[in-house]
$ cat query_33.csv   # CSV, C-alpha atoms
chain,number,residue,atom,x,y,z
U,147,MET,CA,25.7,11.3,-58.2
U,148,ALA,CA,26.0,12.7,-54.7
U,149,SER,CA,22.2,12.6,-54.2
U,150,SER,CA,22.1,9.0,-55.4
U,151,GLU,CA,24.8,8.0,-52.9
U,152,THR,CA,22.9,9.9,-50.1
U,153,LEU,CA,19.7,8.0,-51.0
U,154,ILE,CA,21.5,4.7,-50.9
U,155,PHE,CA,23.1,5.5,-47.6
U,156,SER,CA,19.8,6.7,-46.1
U,157,LEU,CA,18.1,3.4,-47.2
U,158,PHE,CA,20.9,1.4,-45.7
U,159,LEU,CA,20.6,3.4,-42.4
U,160,LEU,CA,16.8,2.9,-42.3
U,161,SER,CA,17.3,-0.8,-42.9
U,162,LEU,CA,19.9,-1.0,-40.1
U,163,ILE,CA,17.6,0.8,-37.7
U,164,SER,CA,14.6,-1.4,-38.6
U,165,HIS,CA,16.8,-4.6,-38.2
U,166,THR,CA,18.0,-3.4,-34.8
U,167,PHE,CA,14.6,-2.7,-33.4
U,168,SER,CA,13.1,-5.9,-34.8
U,169,HIS,CA,15.7,-7.9,-33.1
U,170,HIS,CA,15.9,-5.9,-29.8
U,171,PRO,CA,12.3,-5.3,-28.7
U,172,THR,CA,11.6,-3.4,-25.4
U,173,PRO,CA,12.2,-6.0,-22.7
U,174,THR,CA,9.2,-7.0,-20.5
U,175,PRO,CA,9.6,-5.5,-17.1
U,176,THR,CA,10.1,-7.8,-14.1
U,177,ALA,CA,8.9,-5.2,-11.6
U,178,LEU,CA,7.1,-1.8,-11.5
U,179,VAL,CA,7.4,1.1,-9.1
U,180,LEU,CA,5.1,3.9,-8.0
U,181,PRO,CA,5.7,6.9,-5.7
U,182,ILE,CA,3.8,7.3,-2.4
U,183,SER,CA,3.0,10.6,-0.8
U,184,LYS,CA,1.5,11.3,2.6
U,185,HIS,CA,-1.3,13.9,2.8
U,186,PRO,CA,-0.5,16.1,5.9
U,187,SER,CA,-4.1,16.7,7.1
U,188,ALA,CA,-6.1,13.7,5.7
U,189,LEU,CA,-3.2,11.4,6.9
U,190,GLN,CA,-3.9,9.3,3.8
U,191,TYR,CA,-1.2,7.8,1.5
U,192,THR,CA,-1.6,8.6,-2.2
U,193,THR,CA,0.1,7.5,-5.4
U,194,THR,CA,0.1,8.8,-9.0
U,195,LEU,CA,-0.1,6.9,-12.2
U,196,THR,CA,-1.1,7.8,-15.8
U,197,GLN,CA,-4.4,6.8,-17.5
U,198,SER,CA,-6.3,7.6,-20.6
U,199,THR,CA,-5.6,8.9,-24.2
U,200,PRO,CA,-4.3,11.6,-24.2
U,201,PRO,CA,-2.3,10.6,-21.1
U,202,SER,CA,-3.5,12.2,-17.9
U,203,PRO,CA,-1.9,11.9,-14.4
U,204,LEU,CA,-4.2,10.3,-11.8
U,205,THR,CA,-3.8,10.7,-8.1
U,206,LEU,CA,-5.3,7.9,-6.0
U,207,VAL,CA,-5.5,7.0,-2.3
U,208,ILE,CA,-3.9,3.7,-1.5
U,209,ASP,CA,-6.1,1.1,0.2
U,210,LEU,CA,-4.4,-2.2,1.1
U,211,SER,CA,-7.7,-4.0,1.4
U,212,GLY,CA,-9.4,-2.4,-1.7
U,213,PRO,CA,-10.6,-4.9,-4.2
U,214,PHE,CA,-9.9,-2.8,-7.3
U,215,LEU,CA,-9.1,0.6,-8.7
U,216,TRP,CA,-12.2,2.9,-8.5
U,217,LEU,CA,-12.4,6.4,-9.9
U,218,SER,CA,-14.9,9.3,-9.9
U,219,CYS,CA,-14.9,9.7,-13.6
U,220,GLY,CA,-16.9,12.8,-14.4
U,221,SER,CA,-16.0,14.3,-17.7
U,222,THR,CA,-12.4,12.9,-17.6
U,223,HIS,CA,-13.7,9.4,-18.4
U,224,HIS,CA,-15.6,10.5,-21.5
U,225,SER,CA,-12.7,12.5,-22.9
U,226,SER,CA,-10.4,9.4,-23.2
U,227,SER,CA,-10.5,7.9,-26.7
U,228,THR,CA,-9.4,4.5,-25.3
U,229,SER,CA,-11.8,4.1,-22.5
U,230,LYS,CA,-14.7,1.8,-22.9
U,231,PRO,CA,-17.2,-0.1,-20.7
U,232,VAL,CA,-16.7,-3.8,-19.9
U,233,GLN,CA,-19.3,-6.1,-21.4
U,234,CYS,CA,-21.1,-8.6,-19.1
U,235,HIS,CA,-19.5,-11.8,-20.4
U,236,SER,CA,-16.0,-10.4,-20.9
U,237,PRO,CA,-13.0,-11.9,-19.1
U,238,HIS,CA,-12.8,-8.9,-16.7
U,239,CYS,CA,-16.4,-9.1,-15.7
U,240,SER,CA,-16.2,-12.8,-15.2
U,241,LEU,CA,-13.7,-12.2,-12.4
U,242,LEU,CA,-16.4,-10.7,-10.3
U,243,PRO,CA,-18.5,-12.9,-8.0
U,244,HIS,CA,-21.9,-13.7,-9.5
U,245,SER,CA,-20.9,-11.7,-12.6
U,246,ASN,CA,-24.0,-12.5,-14.5
U,247,LYS,CA,-26.1,-10.7,-11.9
U,248,ASN,CA,-24.0,-7.5,-12.3
U,249,CYS,CA,-25.3,-6.7,-15.7
U,250,HIS,CA,-27.0,-3.5,-16.7
U,251,LYS,CA,-29.8,-3.6,-19.3
U,252,ASN,CA,-27.3,-2.3,-21.9
U,253,LYS,CA,-25.1,-5.4,-21.2
U,254,THR,CA,-22.4,-3.6,-19.4
U,255,CYS,CA,-20.8,-4.8,-16.1
U,256,ILE,CA,-22.0,-3.1,-13.0
U,257,LEU,CA,-20.8,-3.4,-9.4
U,258,LEU,CA,-20.7,-1.5,-6.1
U,259,SER,CA,-17.9,0.3,-4.4
U,260,LYS,CA,-17.5,1.8,-0.9
U,261,ASN,CA,-15.5,4.9,0.1
U,262,LYS,CA,-14.1,3.6,3.4
U,263,PHE,CA,-13.4,7.1,4.7
U,264,THR,CA,-17.0,8.2,4.5
U,265,GLN,CA,-18.7,4.7,4.3
U,266,LYS,CA,-20.7,5.8,1.3
U,267,VAL,CA,-21.6,3.2,-1.3
U,268,SER,CA,-22.2,3.7,-5.0
U,269,ALA,CA,-22.8,1.6,-8.1
U,270,GLY,CA,-20.5,2.1,-11.1
U,271,GLU,CA,-19.6,0.7,-14.5
U,272,LEU,CA,-16.6,-1.5,-14.9
U,273,SER,CA,-14.5,0.0,-17.6
U,274,GLU,CA,-11.1,-0.4,-19.4
U,275,ASP,CA,-8.5,2.1,-20.4
U,276,ILE,CA,-4.8,2.3,-21.0
U,277,LEU,CA,-2.8,2.6,-17.8
U,278,SER,CA,0.9,3.6,-17.7
U,279,VAL,CA,3.4,3.0,-14.9
U,280,GLN,CA,7.1,3.1,-14.4
U,281,SER,CA,9.2,-0.1,-14.5
U,282,THR,CA,12.2,-0.8,-12.3
U,283,ASN,CA,15.2,-3.1,-12.0
U,284,GLY,CA,14.9,-2.8,-8.3
U,285,LEU,CA,17.9,-0.4,-8.1
U,286,TYR,CA,16.2,2.7,-9.8
U,287,ALA,CA,13.2,3.6,-11.9
U,288,THR,CA,13.6,2.8,-15.6
U,289,SER,CA,11.1,3.1,-18.6
U,290,ILE,CA,7.4,3.8,-18.7
U,291,VAL,CA,5.3,0.7,-19.7
U,292,SER,CA,1.6,0.5,-20.4
U,293,VAL,CA,-1.4,-1.9,-20.0
U,294,PRO,CA,-3.8,-1.2,-22.9
U,295,ARG,CA,-7.0,-2.5,-21.2
U,296,PHE,CA,-6.7,-2.1,-17.5
U,297,PRO,CA,-10.0,-2.6,-15.6
U,298,PHE,CA,-11.3,0.0,-13.2
U,299,LEU,CA,-14.6,1.0,-11.7
U,300,CYS,CA,-16.0,4.2,-13.2
U,301,LEU,CA,-18.3,6.0,-10.8
U,302,ALA,CA,-20.5,8.8,-12.2
U,303,GLN,CA,-21.2,10.3,-8.7
U,304,GLU,CA,-18.4,12.8,-7.9
U,305,SER,CA,-19.6,12.8,-4.3
U,306,LEU,CA,-18.0,9.4,-3.7
U,307,SER,CA,-14.6,11.0,-3.8
U,308,LEU,CA,-15.5,13.3,-0.9
U,309,GLY,CA,-13.3,12.5,2.2
U,310,LEU,CA,-10.3,11.6,0.0
U,311,ALA,CA,-7.1,13.5,0.2
U,312,THR,CA,-7.1,16.8,-1.8
U,313,GLY,CA,-6.6,16.1,-5.5
U,314,ALA,CA,-7.4,12.4,-5.3
U,315,LYS,CA,-9.9,11.1,-7.8
U,316,GLY,CA,-10.4,7.6,-6.5
U,317,VAL,CA,-8.7,4.7,-4.7
U,318,ALA,CA,-6.0,2.2,-5.8
U,319,GLY,CA,-7.1,-1.1,-4.3
U,320,LEU,CA,-4.2,-3.5,-3.4
U,321,GLY,CA,-6.4,-6.2,-1.9
U,322,HIS,CA,-6.0,-9.9,-2.8
U,323,ASP,CA,-8.8,-9.8,-5.4
U,324,ARG,CA,-8.4,-10.8,-9.0
U,325,LEU,CA,-9.2,-7.2,-10.1
U,326,GLY,CA,-6.8,-5.6,-7.7
U,327,LEU,CA,-3.7,-3.8,-8.9
U,328,PRO,CA,-1.3,-6.5,-7.7
U,329,ALA,CA,-3.1,-9.3,-9.6
U,330,GLN,CA,-3.8,-7.3,-12.8
U,331,LEU,CA,-0.3,-5.9,-13.1
U,332,ALA,CA,1.3,-9.3,-12.5
U,333,HIS,CA,-0.9,-10.8,-15.1
U,334,ALA,CA,-0.2,-8.1,-17.6
U,335,PHE,CA,3.6,-8.4,-17.4
U,336,ASN,CA,3.8,-12.1,-16.3
U,337,PHE,CA,5.8,-11.5,-13.2
U,338,SER,CA,5.4,-12.8,-9.6
U,339,ARG,CA,2.2,-11.8,-7.8
U,340,LYS,CA,4.1,-9.9,-5.1
U,341,PHE,CA,4.1,-6.3,-4.1
U,342,ALA,CA,6.0,-4.3,-1.5
U,343,LEU,CA,5.0,-1.2,0.4
U,344,CYS,CA,7.2,1.4,2.1
U,345,LEU,CA,5.5,4.4,3.5
U,346,SER,CA,7.4,7.6,4.4
U,347,PRO,CA,6.2,9.6,7.4
U,348,SER,CA,7.1,12.9,5.7
U,349,ALA,CA,4.4,15.0,4.1
U,350,ASP,CA,7.1,17.1,2.4
U,351,ALA,CA,8.9,16.3,-0.9
U,352,ALA,CA,10.2,13.0,0.4
U,353,THR,CA,8.2,10.1,-1.0
U,354,GLY,CA,7.7,6.4,-0.1
U,355,VAL,CA,7.6,3.7,-2.7
U,356,LEU,CA,5.3,0.9,-3.9
U,357,PHE,CA,6.9,-2.0,-5.8
U,358,PHE,CA,5.0,-4.6,-7.9
U,359,GLY,CA,6.9,-7.7,-8.5
U,360,ASP,CA,9.8,-9.3,-6.6
U,361,GLY,CA,13.0,-7.7,-5.3
U,362,PRO,CA,15.6,-6.4,-5.2
U,363,TYR,CA,14.3,-3.4,-3.4
U,364,ALA,CA,17.3,-1.1,-3.2
U,365,PHE,CA,17.5,2.0,-1.0
U,366,SER,CA,20.4,4.5,-0.5
U,367,PRO,CA,23.2,3.8,0.4
U,368,GLY,CA,22.9,0.7,-1.8
U,369,ILE,CA,21.0,-1.6,0.6
U,370,ASP,CA,18.8,-4.4,-0.8
U,371,VAL,CA,16.0,-4.4,1.7
U,372,SER,CA,14.5,-7.6,0.3
U,373,LYS,CA,17.4,-9.5,2.0
U,374,LEU,CA,16.3,-8.1,5.4
U,375,LEU,CA,12.7,-9.5,5.3
U,376,ILE,CA,11.4,-11.7,8.0
U,377,PHE,CA,8.3,-13.8,7.0
U,378,THR,CA,5.1,-14.9,8.6
U,379,PRO,CA,2.0,-16.5,7.1
U,380,LEU,CA,-0.8,-14.4,5.7
U,381,ILE,CA,-4.3,-15.5,6.9
U,382,HIS,CA,-7.3,-15.2,4.7
U,383,LYS,CA,-10.8,-14.9,6.1
U,384,SER,CA,-13.3,-17.4,4.8
U,385,SER,CA,-15.6,-14.6,3.6
U,386,THR,CA,-15.8,-14.3,-0.2
U,387,TYR,CA,-15.8,-10.6,0.0
U,388,SER,CA,-12.9,-10.1,2.4
U,389,PHE,CA,-9.8,-8.6,0.6
U,390,GLU,CA,-7.8,-7.6,3.7
U,391,TYR,CA,-4.4,-9.0,4.7
U,392,PHE,CA,-4.3,-10.7,8.1
U,393,ILE,CA,-1.6,-12.2,10.2
U,394,LYS,CA,-1.8,-14.1,13.6
U,395,VAL,CA,-0.1,-12.6,16.6
U,396,LYS,CA,0.4,-15.1,19.4
U,397,SER,CA,1.5,-12.7,22.1
U,398,VAL,CA,2.4,-9.1,22.7
U,399,ARG,CA,5.4,-7.9,24.7
U,400,VAL,CA,6.1,-4.4,26.1
U,401,ASP,CA,9.7,-4.0,27.1
U,402,GLY,CA,10.1,-7.7,27.0
U,403,LYS,CA,7.2,-8.5,29.3
U,404,ASN,CA,4.2,-10.5,27.9
U,405,LEU,CA,0.8,-8.8,28.2
U,406,PRO,CA,-1.9,-11.0,29.9
U,407,LEU,CA,-3.7,-11.9,26.6
U,408,ASN,CA,-5.2,-15.3,26.5
U,409,SER,CA,-5.6,-16.2,22.8
U,410,THR,CA,-4.0,-15.7,19.4
U,411,LEU,CA,-5.0,-12.3,18.0
U,412,LEU,CA,-6.2,-11.9,14.4
U,413,THR,CA,-4.3,-8.8,13.2
U,414,MET,CA,-5.1,-6.8,10.1
U,415,ILE,CA,-2.7,-4.5,8.2
U,416,SER,CA,-4.3,-1.3,7.0
U,417,THR,CA,-3.4,1.9,5.2
U,418,VAL,CA,-6.9,3.4,5.7
U,419,HIS,CA,-6.4,3.8,9.5
U,420,PRO,CA,-3.8,6.4,10.2
U,421,TYR,CA,-3.1,4.8,13.7
U,422,GLY,CA,-3.3,1.4,15.2
U,423,ILE,CA,-6.8,0.2,16.4
U,424,LEU,CA,-7.1,-2.3,19.2
U,425,GLU,CA,-10.1,-4.3,20.5
U,426,SER,CA,-10.9,-2.8,24.0
U,427,SER,CA,-9.5,-5.6,26.1
U,428,VAL,CA,-6.2,-5.6,24.1
U,429,TYR,CA,-6.0,-1.8,24.3
U,430,LYS,CA,-6.4,-1.8,28.1
U,431,HIS,CA,-3.5,-4.2,28.6
U,432,LEU,CA,-1.3,-2.4,26.1
U,433,ALA,CA,-2.0,1.1,27.6
U,434,ARG,CA,-1.2,-0.3,31.1
U,435,GLY,CA,2.0,-1.9,29.9
U,436,PHE,CA,3.2,1.4,28.4
U,437,ILE,CA,2.3,3.4,31.4
U,438,GLU,CA,4.2,1.1,33.7
U,439,ALA,CA,7.3,0.7,31.4
U,440,ALA,CA,7.7,4.3,30.2
U,441,ASN,CA,10.3,6.4,31.9
U,442,ALA,CA,8.3,9.6,31.5
U,443,THR,CA,5.6,11.7,33.2
U,444,ARG,CA,2.0,11.0,32.1
U,445,VAL,CA,0.0,14.0,31.1
U,446,ALA,CA,-3.6,14.7,30.0
U,447,PRO,CA,-5.0,13.0,26.9
U,448,VAL,CA,-4.7,14.7,23.6
U,449,PRO,CA,-7.6,13.6,21.3
U,450,PRO,CA,-7.8,11.1,19.7
U,451,PHE,CA,-5.1,9.7,22.0
U,452,ASP,CA,-5.7,8.6,25.6
U,453,VAL,CA,-2.2,7.8,26.8
U,454,CYS,CA,0.2,10.7,26.6
U,455,PHE,CA,3.6,11.6,28.2
U,456,SER,CA,5.5,14.8,28.7
U,457,THR,CA,8.8,15.3,26.8
U,458,ARG,CA,9.8,18.2,29.0
U,459,SER,CA,12.3,17.8,31.8
U,460,GLU,CA,12.0,19.1,35.3
U,461,ASN,CA,14.1,22.2,34.5
U,462,GLY,CA,11.9,23.1,31.6
U,463,GLY,CA,14.1,21.8,28.7
U,464,LEU,CA,12.9,19.4,26.1
U,465,MET,CA,14.1,15.8,26.6
U,466,ARG,CA,13.6,12.5,24.9
U,467,PRO,CA,11.7,10.1,27.2
U,468,ALA,CA,12.7,6.5,27.3
U,469,MET,CA,9.8,4.7,25.7
U,470,PRO,CA,9.5,0.9,25.7
U,471,VAL,CA,9.7,-1.3,22.6
U,472,LEU,CA,6.6,-3.2,21.5
U,473,ASP,CA,6.9,-6.8,20.1
U,474,LEU,CA,4.2,-8.6,18.2
U,475,VAL,CA,5.2,-12.2,18.6
U,476,LEU,CA,4.2,-14.3,15.5
U,477,GLN,CA,4.5,-18.0,14.7
U,478,HIS,CA,7.0,-18.6,17.5
U,479,GLU,CA,8.9,-16.6,20.1
U,480,LYS,CA,11.9,-15.9,17.9
U,481,VAL,CA,9.8,-14.4,15.1
U,482,PHE,CA,8.5,-11.0,16.1
U,483,TRP,CA,7.7,-7.7,14.6
U,484,ARG,CA,9.5,-5.1,16.8
U,485,ILE,CA,7.8,-1.7,16.9
U,486,PHE,CA,10.1,1.1,18.1
U,487,GLU,CA,9.2,4.5,19.5
U,488,SER,CA,9.1,6.2,16.1
U,489,ASN,CA,6.2,3.9,15.2
U,490,SER,CA,4.5,3.4,18.5
U,491,MET,CA,4.4,7.1,19.7
U,492,VAL,CA,3.0,10.2,18.0
U,493,PRO,CA,4.5,13.6,18.8
U,494,VAL,CA,1.7,16.1,19.5
U,495,GLY,CA,2.9,19.7,20.0
U,496,ASN,CA,6.3,20.6,21.3
U,497,ASP,CA,6.3,18.8,24.6
U,498,THR,CA,4.0,15.8,24.4
U,499,THR,CA,4.0,12.4,22.8
U,500,CYS,CA,1.1,9.9,22.8
U,501,LEU,CA,0.7,6.2,22.3
U,502,GLY,CA,-0.3,5.8,18.6
U,503,PHE,CA,-3.0,3.2,19.2
U,504,LEU,CA,-6.7,3.8,19.7
U,505,ASP,CA,-9.4,1.9,21.6
U,506,GLY,CA,-11.6,0.4,18.8
U,507,GLY,CA,-14.3,-0.9,21.1
U,508,PRO,CA,-15.5,-4.5,21.4
U,509,ASN,CA,-15.4,-5.3,17.6
U,510,PRO,CA,-13.2,-3.1,15.4
U,511,GLY,CA,-12.9,-5.8,12.7
U,512,ALA,CA,-9.8,-7.5,14.2
U,513,SER,CA,-8.2,-7.8,17.6
U,514,ILE,CA,-5.3,-5.6,16.3
U,515,ILE,CA,-5.3,-3.3,13.3
U,516,ILE,CA,-1.8,-2.1,12.4
U,517,GLY,CA,-2.3,1.4,11.0
U,518,GLY,CA,-0.3,3.6,8.7
U,519,HIS,CA,1.8,5.2,11.5
U,520,GLN,CA,3.1,1.7,12.5
U,521,LEU,CA,4.0,0.9,8.9
U,522,GLU,CA,6.1,4.0,8.2
U,523,ASP,CA,9.7,3.4,7.3
U,524,ASN,CA,9.1,-0.3,7.4
U,525,LEU,CA,9.1,-2.3,4.2
U,526,LEU,CA,6.4,-4.9,3.9
U,527,GLN,CA,6.2,-7.5,1.1
U,528,PHE,CA,2.8,-9.1,0.4
U,529,ASP,CA,3.5,-12.4,-1.3
U,530,SER,CA,0.2,-14.0,-2.7
U,531,VAL,CA,2.2,-16.8,-4.3
U,532,SER,CA,3.5,-18.2,-1.0
U,533,SER,CA,0.7,-16.6,1.1
U,534,ARG,CA,3.2,-14.8,3.4
U,535,LEU,CA,4.0,-11.4,4.7
U,536,GLY,CA,7.6,-10.2,4.7
U,537,PHE,CA,8.6,-7.3,7.0
U,538,THR,CA,11.7,-5.5,8.0
U,539,SER,CA,10.9,-3.6,11.2
U,540,SER,CA,12.3,0.0,11.2
U,541,LEU,CA,14.7,0.8,8.4
U,542,PHE,CA,16.4,3.3,10.6
U,543,LEU,CA,18.3,0.4,12.1
U,544,ARG,CA,19.9,-0.1,8.7
U,545,GLN,CA,20.7,3.6,8.2
U,546,THR,CA,18.1,4.1,5.5
U,547,ASP,CA,14.4,4.9,5.1
U,548,CYS,CA,11.4,4.7,2.8
U,549,ALA,CA,12.3,8.0,1.1
U,550,SER,CA,15.7,6.7,-0.1
U,551,PHE,CA,14.7,4.9,-3.3
U,552,ASN,CA,16.7,6.2,-6.3
U,553,TRP,CA,14.1,7.6,-8.8
U,554,HIS,CA,16.7,8.7,-11.3

$ encode --input "query_33.csv" --output "structure tokens"
Amino acid sequence: MASSETLIFSLFLLSLISHTFSHHPTPTPTALVLPISKHPSALQYTTTLTQSTPPSPLTLVIDLSGPFLWLSCGSTHHSSSTSKPVQCHSPHCSLLPHSNKNCHKNKTCILLSKNKFTQKVSAGELSEDILSVQSTNGLYATSIVSVPRFPFLCLAQESLSLGLATGAKGVAGLGHDRLGLPAQLAHAFNFSRKFALCLSPSADAATGVLFFGDGPYAFSPGIDVSKLLIFTPLIHKSSTYSFEYFIKVKSVRVDGKNLPLNSTLLTMISTVHPYGILESSVYKHLARGFIEAANATRVAPVPPFDVCFSTRSENGGLMRPAMPVLDLVLQHEKVFWRIFESNSMVPVGNDTTCLGFLDGGPNPGASIIIGGHQLEDNLLQFDSVSSRLGFTSSLFLRQTDCASFNWH
């Protein structure tokens, strides 16, 4: 009798559990989150996600202008039971320009990729595999969610990963291409095609954060940084193969004084360049402006930097030199991106600090390239829906930083 009652109770319990799960499915996430680390010697920013069956952690270098996720597959690709090549006339292959011309004789989808750190180019096979990332409510990280058939470029040549940060197997492309991570993740979970980037300058345990989807973006002590964003239009080049993010800078101010620049400056935002890159004429005026405005003694250049200052006082003690603020003036005079000393200057050694912009020659790809150092501890939101960039300037002013997201 007892066993019969136990059986009935067990069946009732199973029925209740089944009913509960059938009426309360796992909610679709409204945003995703990934950690960002800075490699101390390569000065590259990496993230880690999970791919394959069985699951395997994957470290990738972040490239804001990368068109897709590419990976040096090697034996890892072939060991995944859920990985398969993309066929030529499949939906993912059709997202490529001239997709019918990218077909291998065995009918799989082939395309080229470039390692921007070594400039090497290689052909690879477009593939699909399960990809798992962490979801978020904007306040903290929540559950793990998966995309069963996430597209990525599988490169057989392991040499293409040379030049990447130690341990990185490929590149996570965040460019505004239909195969890029922002577009594919937004499509998979049906959320807004926005992402936000917050790089930490620390190469230690502290990590930055990458959000996919809209805010809130909350940082300790309970600050929703999405409410601090200032917006400016994103500009797209007419080239079909340009995946970079550009803004227009109307003028540049150093310590409130306009530099003598005659035209609007096309400005690119990059995570590939560790420091800012300027077209030669722009660099000349910026360097002169800093030399004139800085309340510090200029010292010999420290490669790769040309404009450097002493941080040592006359009596031999260390001091903090008064460095000017830099303003990138955007659509009108009251909208500007203010760059403070922590993002404009680079400490080199114990008693020297240098201007963190380099002379890129006559044609570096844009009049101004804002590099990783300028982005650190600033949150940037890239909104492809409204074609605009949101930025905060330094989070230090709000008593927080990019390493203050709650991962638990």

$ atom_distance --input "query_33.csv" --atom1 "CA of Ile423 in chain U" --atom2 "CA of Thr264 in chain U"
17.6 Å

$ residues_around --input "query_33.csv" --residues "range 403-412 of chain U" --least-positions-apart "5" --cutoff "12 Å" --atoms "all atoms listed in the file" --output "PyMOL selection string"
chain U and resi 379-383+390-398+424-436+438-439+470-479+509-516

$ closest_residue --input "query_33.csv" --among "U:Val317, U:Ile182, U:Val267, U:Leu325" --to "Glu522 in chain U" --atoms "only C-alpha atoms"
U:Ile182

$ residues_around --input "query_33.csv" --residues "Ser346 in chain U" --least-positions-apart "5" --cutoff "9 Å" --atoms "only C-alpha atoms" --output "NGL selection string"
:U and (182-184 or 352-355 or 521-524 or 547-549)

$ residues_around --input "query_33.csv" --residues "Thr546 in chain U" --least-positions-apart "4" --cutoff "7 Å" --atoms "all atoms listed in the file" --output "PyMOL selection string"
chain U and resi 365-366+541-542+550

$ closest_residue --input "query_33.csv" --among "U:Ser456, U:Arg399, U:Gly321, U:Gly506" --to "Arg484 in chain U" --atoms "only C-alpha atoms"
U:Arg399

$ atom_distance --input "query_33.csv" --atom1 "CA of Gly270 in chain U" --atom2 "CA of Gly316 in chain U"
12.4 Å

$ closest_residue --input "query_33.csv" --among "U:Cys454, U:Val445, U:Leu543, U:Leu310" --to "Leu217 in chain U" --atoms "only C-alpha atoms"
U:Leu310

$ residues_around --input "query_33.csv" --residues "range 293-299 of chain U" --least-positions-apart "4" --cutoff "6 Å" --atoms "all atoms listed in the file" --output "PyMOL selection string"
chain U and resi 215-216+271-277
